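Colleague: protein12.cif is the file, holding mmCIF, C-alpha atoms:
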data_work
loop_
_atom_site.group_PDB
_atom_site.id
_atom_site.type_symbol
_atom_site.label_atom_id
_atom_site.label_comp_id
_atom_site.auth_asym_id
_atom_site.auth_seq_id
_atom_site.Cartn_x
_atom_site.Cartn_y
_atom_site.Cartn_z
ATOM 1 C CA MET A 1 2.144 -11.460 0.430
ATOM 2 C CA ASN A 2 2.343 -12.986 -3.056
ATOM 3 C CA TRP A 3 4.649 -12.323 -5.961
ATOM 4 C CA ILE A 4 5.934 -14.267 -8.931
ATOM 5 C CA LYS A 5 8.128 -13.260 -11.850
ATOM 6 C CA ASP A 6 5.760 -10.755 -13.447
ATOM 7 C CA SER A 7 2.829 -10.489 -11.060
ATOM 8 C CA ILE A 8 2.030 -9.359 -7.522
ATOM 9 C CA LYS A 9 -1.304 -9.679 -5.766
ATOM 10 C CA ARG A 10 -3.220 -8.583 -2.673
ATOM 11 C CA GLU A 11 -6.615 -9.796 -1.390
ATOM 12 C CA ILE A 12 -9.190 -8.882 1.252
ATOM 13 C CA ILE A 13 -12.679 -10.019 2.273
ATOM 14 C CA VAL A 14 -15.384 -7.351 2.537
ATOM 15 C CA ASN A 15 -18.560 -8.222 4.405
ATOM 16 C CA ALA A 16 -20.993 -6.428 2.083
ATOM 17 C CA PRO A 17 -23.345 -7.348 -0.791
ATOM 18 C CA LEU A 18 -21.714 -8.222 -4.113
ATOM 19 C CA LYS A 19 -23.441 -5.387 -6.001
ATOM 20 C CA GLN A 20 -22.264 -2.856 -3.428
ATOM 21 C CA VAL A 21 -18.654 -4.024 -3.653
ATOM 22 C CA TRP A 22 -18.780 -4.105 -7.466
ATOM 23 C CA ASP A 23 -20.066 -0.520 -7.538
ATOM 24 C CA ALA A 24 -17.353 0.505 -5.068
ATOM 25 C CA LEU A 25 -14.742 -0.672 -7.558
ATOM 26 C CA THR A 26 -16.289 0.516 -10.815
ATOM 27 C CA LYS A 27 -18.261 3.734 -10.271
ATOM 28 C CA PRO A 28 -16.400 7.025 -9.744
ATOM 29 C CA GLU A 29 -18.699 8.368 -7.024
ATOM 30 C CA HIS A 30 -18.151 5.143 -5.071
ATOM 31 C CA LEU A 31 -14.395 4.995 -5.723
ATOM 32 C CA ASN A 32 -14.142 8.485 -4.287
ATOM 33 C CA ARG A 33 -15.662 7.244 -1.005
ATOM 34 C CA TRP A 34 -12.736 4.958 -0.144
ATOM 35 C CA TYR A 35 -9.939 5.232 -2.714
ATOM 36 C CA THR A 36 -9.597 8.140 -5.112
ATOM 37 C CA LYS A 37 -9.533 11.899 -4.668
ATOM 38 C CA ASN A 38 -11.036 12.066 -8.128
ATOM 39 C CA ALA A 39 -12.003 9.334 -10.579
ATOM 40 C CA VAL A 40 -13.245 9.634 -14.153
ATOM 41 C CA ILE A 41 -14.495 6.238 -15.334
ATOM 42 C CA ASP A 42 -15.942 5.191 -18.699
ATOM 43 C CA PHE A 43 -16.655 1.645 -17.597
ATOM 44 C CA ARG A 44 -16.947 -0.342 -20.815
ATOM 45 C CA ILE A 45 -14.535 -2.361 -22.896
ATOM 46 C CA GLY A 46 -12.396 0.213 -24.690
ATOM 47 C CA GLY A 47 -13.390 2.917 -22.223
ATOM 48 C CA LYS A 48 -10.798 4.835 -20.237
ATOM 49 C CA GLY A 49 -10.323 5.161 -16.499
ATOM 50 C CA TYR A 50 -8.443 7.997 -14.767
ATOM 51 C CA MET A 51 -7.718 7.976 -11.048
ATOM 52 C CA ASN A 52 -6.105 10.553 -8.783
ATOM 53 C CA HIS A 53 -5.025 8.498 -5.761
ATOM 54 C CA GLY A 54 -3.811 11.428 -3.666
ATOM 55 C CA TRP A 55 -0.200 12.076 -2.594
ATOM 56 C CA GLU A 56 0.480 13.273 -6.188
ATOM 57 C CA ALA A 57 -0.090 9.764 -7.584
ATOM 58 C CA THR A 58 -2.310 9.249 -10.625
ATOM 59 C CA SER A 59 -2.991 6.409 -13.035
ATOM 60 C CA GLN A 60 -4.998 5.877 -16.167
ATOM 61 C CA GLY A 61 -5.717 3.088 -18.563
ATOM 62 C CA VAL A 62 -8.185 1.309 -20.825
ATOM 63 C CA PHE A 63 -10.666 -1.364 -19.751
ATOM 64 C CA THR A 64 -9.858 -4.446 -21.832
ATOM 65 C CA GLU A 65 -12.031 -7.074 -20.101
ATOM 66 C CA ILE A 66 -15.257 -6.875 -18.089
ATOM 67 C CA ASP A 67 -17.095 -9.859 -16.620
ATOM 68 C CA THR A 68 -19.897 -8.190 -14.649
ATOM 69 C CA MET A 69 -19.826 -8.819 -10.899
ATOM 70 C CA LYS A 70 -16.761 -11.061 -11.317
ATOM 71 C CA ARG A 71 -13.723 -9.423 -12.890
ATOM 72 C CA PHE A 72 -12.391 -6.514 -14.898
ATOM 73 C CA VAL A 73 -9.018 -5.629 -16.383
ATOM 74 C CA LEU A 74 -7.494 -2.156 -16.717
ATOM 75 C CA GLN A 75 -4.430 -1.845 -18.953
ATOM 76 C CA SER A 76 -2.102 1.151 -18.911
ATOM 77 C CA LEU A 77 -2.061 3.338 -22.027
ATOM 78 C CA ASP A 78 1.379 1.993 -22.997
ATOM 79 C CA GLY A 79 0.130 -1.571 -22.539
ATOM 80 C CA ASP A 80 2.891 -2.569 -20.127
ATOM 81 C CA PHE A 81 0.990 -2.499 -16.824
ATOM 82 C CA THR A 82 -2.185 -4.471 -16.228
ATOM 83 C CA THR A 83 -4.436 -4.369 -13.164
ATOM 84 C CA ILE A 84 -6.775 -7.331 -12.744
ATOM 85 C CA THR A 85 -9.582 -6.915 -10.202
ATOM 86 C CA SER A 86 -11.551 -10.031 -9.258
ATOM 87 C CA LEU A 87 -14.539 -10.569 -6.964
ATOM 88 C CA GLU A 88 -15.661 -13.885 -5.498
ATOM 89 C CA LYS A 89 -18.397 -14.770 -3.029
ATOM 90 C CA VAL A 90 -16.929 -16.499 0.019
ATOM 91 C CA LYS A 91 -18.253 -17.497 3.421
ATOM 92 C CA ASN A 92 -17.732 -14.133 5.128
ATOM 93 C CA GLY A 93 -18.506 -11.790 2.233
ATOM 94 C CA ILE A 94 -16.835 -10.852 -1.025
ATOM 95 C CA GLN A 95 -13.169 -11.602 -1.628
ATOM 96 C CA VAL A 96 -11.597 -8.771 -3.607
ATOM 97 C CA SER A 97 -8.320 -9.554 -5.365
ATOM 98 C CA ILE A 98 -6.079 -6.945 -6.980
ATOM 99 C CA GLU A 99 -3.296 -8.313 -9.192
ATOM 100 C CA TYR A 100 -0.665 -6.303 -11.045
ATOM 101 C CA GLN A 101 1.116 -7.685 -14.090
ATOM 102 C CA ALA A 102 4.022 -5.985 -15.885
ATOM 103 C CA THR A 103 7.226 -6.930 -17.662
ATOM 104 C CA PHE A 104 9.286 -4.963 -15.123
ATOM 105 C CA ILE A 105 7.854 -6.515 -11.952
ATOM 106 C CA GLY A 106 10.293 -9.433 -12.108
ATOM 107 C CA GLU A 107 13.150 -6.910 -12.058
ATOM 108 C CA MET A 108 11.810 -4.893 -9.111
ATOM 109 C CA ASN A 109 13.615 -5.266 -5.815
ATOM 110 C CA GLN A 110 11.791 -6.450 -2.709
ATOM 111 C CA TYR A 111 11.474 -2.926 -1.285
ATOM 112 C CA LYS A 112 9.613 -1.654 -4.357
ATOM 113 C CA LYS A 113 7.320 -4.683 -4.372
ATOM 114 C CA GLU A 114 6.565 -4.324 -0.674
ATOM 115 C CA ASN A 115 5.936 -0.604 -1.129
ATOM 116 C CA MET A 116 3.476 -1.278 -3.966
ATOM 117 C CA LEU A 117 1.680 -4.004 -2.023
ATOM 118 C CA PHE A 118 1.540 -1.877 1.120
ATOM 119 C CA GLY A 119 -0.198 0.922 -0.764
ATOM 120 C CA THR A 120 -2.688 -1.545 -2.209
ATOM 121 C CA SER A 121 -3.365 -3.133 1.176
ATOM 122 C CA GLN A 122 -3.911 0.299 2.779
ATOM 123 C CA PHE A 123 -6.656 1.100 0.301
ATOM 124 C CA LEU A 124 -8.208 -2.373 0.401
ATOM 125 C CA GLU A 125 -8.354 -2.148 4.185
ATOM 126 C CA ASN A 126 -10.076 1.216 3.739
ATOM 127 C CA LEU A 127 -12.572 -0.348 1.327
ATOM 128 C CA LYS A 128 -13.404 -2.863 4.044
ATOM 129 C CA SER A 129 -13.635 -0.143 6.700
ATOM 130 C CA VAL A 130 -15.888 2.154 4.659
ATOM 131 C CA TYR A 131 -18.295 -0.587 3.596
ATOM 132 C CA GLU A 132 -18.407 -2.422 6.920
ATOM 133 C CA THR A 133 -18.301 0.443 9.438
ATOM 134 C CA GLY A 134 -18.689 3.651 7.426
ATOM 135 C CA THR A 135 -15.242 4.877 8.509
ATOM 136 C CA ASP A 136 -12.872 6.436 5.942
ATOM 137 C CA ASN A 137 -9.289 6.249 7.270
ATOM 138 C CA ARG A 138 -7.433 8.018 4.455
ATOM 139 C CA THR A 139 -6.644 11.074 6.580
ATOM 140 C CA LYS A 140 -4.529 8.744 8.740
ATOM 141 C CA PHE A 141 -2.497 7.339 5.842
ATOM 142 C CA TRP A 142 1.056 8.397 4.972
ATOM 143 C CA LYS A 143 1.437 11.162 7.547
ATOM 144 C CA ALA A 144 4.892 10.340 8.906
ATOM 145 C CA TRP A 145 8.268 9.148 7.739
ATOM 146 C CA ILE A 146 11.930 9.255 8.759
ATOM 147 C CA GLY A 147 13.609 9.125 5.335
ATOM 148 C CA ILE A 148 14.565 5.498 4.758
ATOM 149 C CA ALA A 149 14.008 2.786 2.188
ATOM 150 C CA HIS A 150 13.637 -0.551 3.944
ATOM 151 C CA THR A 151 12.463 -4.114 3.444
ATOM 152 C CA THR A 152 11.237 -6.988 5.600
ATOM 153 C CA ASN A 153 14.150 -8.798 7.227
ATOM 154 C CA GLU A 154 13.418 -12.206 5.706
ATOM 155 C CA GLY A 155 13.663 -15.085 8.150
ATOM 156 C CA GLU A 156 13.992 -12.772 11.145
ATOM 157 C CA ARG A 157 11.840 -10.113 12.783
ATOM 158 C CA GLY A 158 12.325 -6.470 11.954
ATOM 159 C CA THR A 159 12.819 -4.424 8.819
ATOM 160 C CA ARG A 160 16.220 -3.887 7.199
ATOM 161 C CA VAL A 161 17.372 -0.402 6.197
ATOM 162 C CA LEU A 162 18.449 -0.270 2.541
ATOM 163 C CA GLN A 163 19.017 3.451 2.080
ATOM 164 C CA VAL A 164 19.057 6.525 4.283
ATOM 165 C CA LYS A 165 18.120 9.767 2.559
ATOM 166 C CA GLU A 166 20.782 12.436 2.892
ATOM 167 C CA GLY A 167 19.661 15.202 5.250
ATOM 168 C CA SER A 168 16.733 13.176 6.596
ATOM 169 C CA VAL A 169 15.853 12.780 10.260
ATOM 170 C CA ALA A 170 17.047 9.164 9.998
ATOM 171 C CA ALA A 171 20.451 10.366 8.808
ATOM 172 C CA THR A 172 20.606 12.904 11.644
ATOM 173 C CA ALA A 173 19.737 10.149 14.144
ATOM 174 C CA GLY A 174 22.586 8.004 12.842
ATOM 175 C CA LEU A 175 20.708 5.201 11.098
ATOM 176 C CA LYS A 176 22.790 3.319 8.537
ATOM 177 C CA PRO A 177 22.104 0.883 5.695
ATOM 178 C CA GLU A 178 21.904 -2.726 6.929
ATOM 179 C CA ASP A 179 20.585 -1.660 10.346
ATOM 180 C CA ILE A 180 17.672 -3.873 11.371
ATOM 181 C CA ILE A 181 14.852 -1.961 13.103
ATOM 182 C CA VAL A 182 13.176 -4.362 15.549
ATOM 183 C CA GLU A 183 11.180 -2.001 17.803
ATOM 184 C CA ILE A 184 9.660 1.492 17.826
ATOM 185 C CA ASP A 185 9.045 2.778 21.365
ATOM 186 C CA GLY A 186 9.123 -0.810 22.560
ATOM 187 C CA GLU A 187 6.549 -2.009 19.983
ATOM 188 C CA GLU A 188 7.830 -5.020 18.058
ATOM 189 C CA ILE A 189 8.371 -4.554 14.325
ATOM 190 C CA GLU A 190 7.677 -7.671 12.294
ATOM 191 C CA GLY A 191 8.561 -6.300 8.856
ATOM 192 C CA TYR A 192 7.921 -3.591 6.276
ATOM 193 C CA LYS A 193 4.169 -3.203 6.824
ATOM 194 C CA SER A 194 4.509 -3.320 10.600
ATOM 195 C CA PHE A 195 7.117 -0.539 10.551
ATOM 196 C CA GLU A 196 5.069 1.723 8.287
ATOM 197 C CA LYS A 197 1.863 1.295 10.272
ATOM 198 C CA THR A 198 3.552 1.739 13.656
ATOM 199 C CA LEU A 199 5.511 4.806 12.558
ATOM 200 C CA ASN A 200 2.419 6.411 11.053
ATOM 201 C CA GLU A 201 0.674 6.269 14.433
ATOM 202 C CA LYS A 202 3.394 8.441 15.984
ATOM 203 C CA THR A 203 3.236 12.212 16.359
ATOM 204 C CA VAL A 204 5.045 14.249 13.721
ATOM 205 C CA HIS A 205 7.898 16.434 15.034
ATOM 206 C CA TYR A 206 8.244 14.304 18.181
ATOM 207 C CA SER A 207 10.970 11.717 18.767
ATOM 208 C CA VAL A 208 10.601 7.957 18.868
ATOM 209 C CA ASN A 209 13.032 5.436 20.260
ATOM 210 C CA LEU A 210 14.215 2.882 17.713
ATOM 211 C CA THR A 211 15.708 -0.426 18.784
ATOM 212 C CA ILE A 212 18.068 -1.621 16.080
ATOM 213 C CA VAL A 213 20.455 -4.472 15.484
ATOM 214 C CA ARG A 214 23.737 -3.412 13.858
ATOM 215 C CA LYS A 215 26.257 -6.160 13.140
ATOM 216 C CA SER A 216 24.807 -8.304 15.959
ATOM 217 C CA GLU A 217 24.912 -5.385 18.419
ATOM 218 C CA ARG A 218 21.601 -4.179 19.851
ATOM 219 C CA LEU A 219 21.348 -0.375 20.038
ATOM 220 C CA ARG A 220 18.747 2.255 20.912
ATOM 221 C CA ILE A 221 18.519 5.416 18.844
ATOM 222 C CA ASP A 222 16.238 8.432 19.301
ATOM 223 C CA CYS A 223 14.863 9.662 15.992
ATOM 224 C CA LEU A 224 12.599 12.585 15.185
ATOM 225 C CA VAL A 225 9.451 11.773 13.207
ATOM 226 C CA ASP A 226 9.132 13.971 10.134
ATOM 227 C CA ALA A 227 6.035 14.818 8.119
ATOM 228 C CA TYR A 228 5.503 12.686 5.016
ATOM 229 C CA PRO A 229 7.106 14.701 2.175
ATOM 230 C CA VAL A 230 4.080 14.526 -0.158
ATOM 231 C CA PRO A 231 0.769 15.875 1.243
ATOM 232 C CA TYR A 232 -2.543 14.212 0.476
#
Once more with this new file: its structure as structure tokens, please.

Modeller:
Amino acid sequence: MNWIKDSIKREIIVNAPLKQVWDALTKPEHLNRWYTKNAVIDFRIGGKGYMNHGWEATSQGVFTEIDTMKRFVLQSLDGDFTTITSLEKVKNGIQVSIEYQATFIGEMNQYKKENMLFGTSQFLENLKSVYETGTDNRTKFWKAWIGIAHTTNEGERGTRVLQVKEGSVAATAGLKPEDIIVEIDGEEIEGYKSFEKTLNEKTVHYSVNLTIVRKSERLRIDCLVDAYPVPY
């Protein structure tokens, strides 16, 4: 995980030809294979890009830089959010880097940064899966939640609860802010990403057992798994 004052970045290596990976990132019919529900791309400097990511999330911008097979830059219409996509040949394939730059990133809390990076890593992992094995995993993304905002417990294992949504299954189960979730059904939770991935593998409307640390006391809490509130 990388972040500095006004930039955050995620990378992955895809074992596929450079031209194939470039097309996957720049052509709408290829973007729709691994990333977007619908993409409308005018891929030229000054051209616009619109992407429906699913889960009611959309983005659009203007291409301000294009270095074919190497890098392109998409800037939001208000000019305050820039996405820089870079490709580099490495030993095991093509390293794809996605970097976000914005004036507000330095003011974002760790939870929001981790949430943004998690979403990016989910899709980059799907890019790798689609182009290496032909498997699209999007139907498995963002299926479950319990109604908390949380962040990696820095320096220790687990993820720390920041907020519990009123009326959520987490609230009903008795979770509280500052609880540290260290296990789900006995599976160790290393941090934010680990929690989200482990929870999403559980069955909606069934209970899981959470091991938490609350003020140095280790507790076990049963919590129902709810459906993610925004459908794909």

Colleague: Please determine the residues with any atom at most 12 Å from (-0.9, 10.8, -8.0) (coordinates as given in the file, with only C-alpha atoms counting) and report them as JSON, numbers by chain.

Modeller: {"A": [35, 36, 37, 38, 39, 50, 51, 52, 53, 54, 55, 56, 57, 58, 59, 60, 230, 231, 232]}

Colleague: Please report, as JSON lines, each residue of range 124-230 of chain A lying at most 10 Å from range 20-27 of chain A, together with the nearest pair of atoms and the separation in Å rounded to one decimal; use only C-alpha atoms, and order rows by chain and ascending residue number.

Modeller:
{"residue": "A:Leu127", "atom": "CA", "partner": "A:Ala24", "partner_atom": "CA", "distance": 8.0}
{"residue": "A:Lys128", "atom": "CA", "partner": "A:Val21", "partner_atom": "CA", "distance": 9.4}
{"residue": "A:Val130", "atom": "CA", "partner": "A:Ala24", "partner_atom": "CA", "distance": 10.0}
{"residue": "A:Tyr131", "atom": "CA", "partner": "A:Val21", "partner_atom": "CA", "distance": 8.0}

Colleague: Using C-alpha atoms, can you export the residues from the last selection as an mmCIF file, in the frame of the given file?

Modeller:
data_model
loop_
_atom_site.group_PDB
_atom_site.id
_atom_site.type_symbol
_atom_site.label_atom_id
_atom_site.label_comp_id
_atom_site.auth_asym_id
_atom_site.auth_seq_id
_atom_site.Cartn_x
_atom_site.Cartn_y
_atom_site.Cartn_z
ATOM 1 C CA LEU A 127 -12.572 -0.348 1.327
ATOM 2 C CA LYS A 128 -13.404 -2.863 4.044
ATOM 3 C CA VAL A 130 -15.888 2.154 4.659
ATOM 4 C CA TYR A 131 -18.295 -0.587 3.596
#

Colleague: Give me, as a list in words, all polymer residues having an atom no more than 10 Å from Tyr228 in chain A, counting all atoms listed in the file and skipping those fewer than 2 positions away in the same chain.

Modeller: Trp55, Phe141, Trp142, Lys143, Ala144, Trp145, Ile146, Gly147, Asn200, Val204, Val225, Asp226, Val230, Pro231 and Tyr232 of chain A

Colleague: Only C-alpha atoms, please: the residues just picked out, written as a compact mmCIF listing (two decimals), in the frame of the given file.

Modeller:
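The result, written out as selection20.txt:
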# COMPACT_ATOMS: atom_id res chain seq x y z
CA TRP A 55 -0.20 12.08 -2.59
CA PHE A 141 -2.50 7.34 5.84
CA TRP A 142 1.06 8.40 4.97
CA LYS A 143 1.44 11.16 7.55
CA ALA A 144 4.89 10.34 8.91
CA TRP A 145 8.27 9.15 7.74
CA ILE A 146 11.93 9.26 8.76
CA GLY A 147 13.61 9.12 5.34
CA ASN A 200 2.42 6.41 11.05
CA VAL A 204 5.04 14.25 13.72
CA VAL A 225 9.45 11.77 13.21
CA ASP A 226 9.13 13.97 10.13
CA VAL A 230 4.08 14.53 -0.16
CA PRO A 231 0.77 15.88 1.24
CA TYR A 232 -2.54 14.21 0.48

Colleague: Give me the residues near Val182 in chain A as a list in words, where near means some atom within 7 Å (using all atoms listed in the file) and where sequence neighbours in that chain fewer than 5 positions away do not count.

Modeller: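 What passes the distance filter is Arg157, Gly158, Thr159, Glu188, Ile189, Thr211 and Ile212 of chain A.
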
Colleague: Write the residues of the selection above to a file with C-alpha atoms, as an mmCIF file, in the coordinates of the input.

Modeller:
data_model
loop_
_atom_site.group_PDB
_atom_site.id
_atom_site.type_symbol
_atom_site.label_atom_id
_atom_site.label_comp_id
_atom_site.auth_asym_id
_atom_site.auth_seq_id
_atom_site.Cartn_x
_atom_site.Cartn_y
_atom_site.Cartn_z
ATOM 1 C CA ARG A 157 11.840 -10.113 12.783
ATOM 2 C CA GLY A 158 12.325 -6.470 11.954
ATOM 3 C CA THR A 159 12.819 -4.424 8.819
ATOM 4 C CA GLU A 188 7.830 -5.020 18.058
ATOM 5 C CA ILE A 189 8.371 -4.554 14.325
ATOM 6 C CA THR A 211 15.708 -0.426 18.784
ATOM 7 C CA ILE A 212 18.068 -1.621 16.080
#

Colleague: Translate the PyMOL selection byres ((chain A and resi 98) around 7) into a concrete residue list for this structure, as a list in words.

Modeller: Lys9, Arg10, Glu11, Thr83, Ile84, Thr85, Ser86, Val96, Ser97, Glu99 and Tyr100 of chain A

Colleague: Go through A:Gln75, A:Thr152, A:Thr135, A:Ser129 one by one, measure the shortest atom-to-atom distance of each to Asn109 in chain A using all atoms listed in the file, and give the residue with the smallest value.

Modeller: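 Under the stated criterion, the closest residue is A:Thr152.
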
Colleague: Quick one: distance from CA of Lys113 in chain A to CA of Ser7 in chain A in Å, one decimal?

Modeller: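 Separating CA of Lys113 in chain A from CA of Ser7 in chain A is a distance of 9.9 Å.
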
Colleague: Report, in Å to a single decimal, how far apart CA of Arg71 in chain A and CA of Gly46 in chain A are.

Modeller: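 One can read the CA of Gly46 in chain A to CA of Arg71 in chain A distance as 15.3 Å.
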
Colleague: Name all residues at most 8 Å from Leu18 in chain A (count only C-alpha atoms; drop same-chain ones fewer than 6 positions away) and give them as an mmCIF file with C-alpha atoms, in the frame of the given file.

Modeller:
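Final output, result07.cif:
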data_model
loop_
_atom_site.group_PDB
_atom_site.id
_atom_site.type_symbol
_atom_site.label_atom_id
_atom_site.label_comp_id
_atom_site.auth_asym_id
_atom_site.auth_seq_id
_atom_site.Cartn_x
_atom_site.Cartn_y
_atom_site.Cartn_z
ATOM 1 C CA MET A 69 -19.826 -8.819 -10.899
ATOM 2 C CA LYS A 89 -18.397 -14.770 -3.029
ATOM 3 C CA GLY A 93 -18.506 -11.790 2.233
ATOM 4 C CA ILE A 94 -16.835 -10.852 -1.025
#
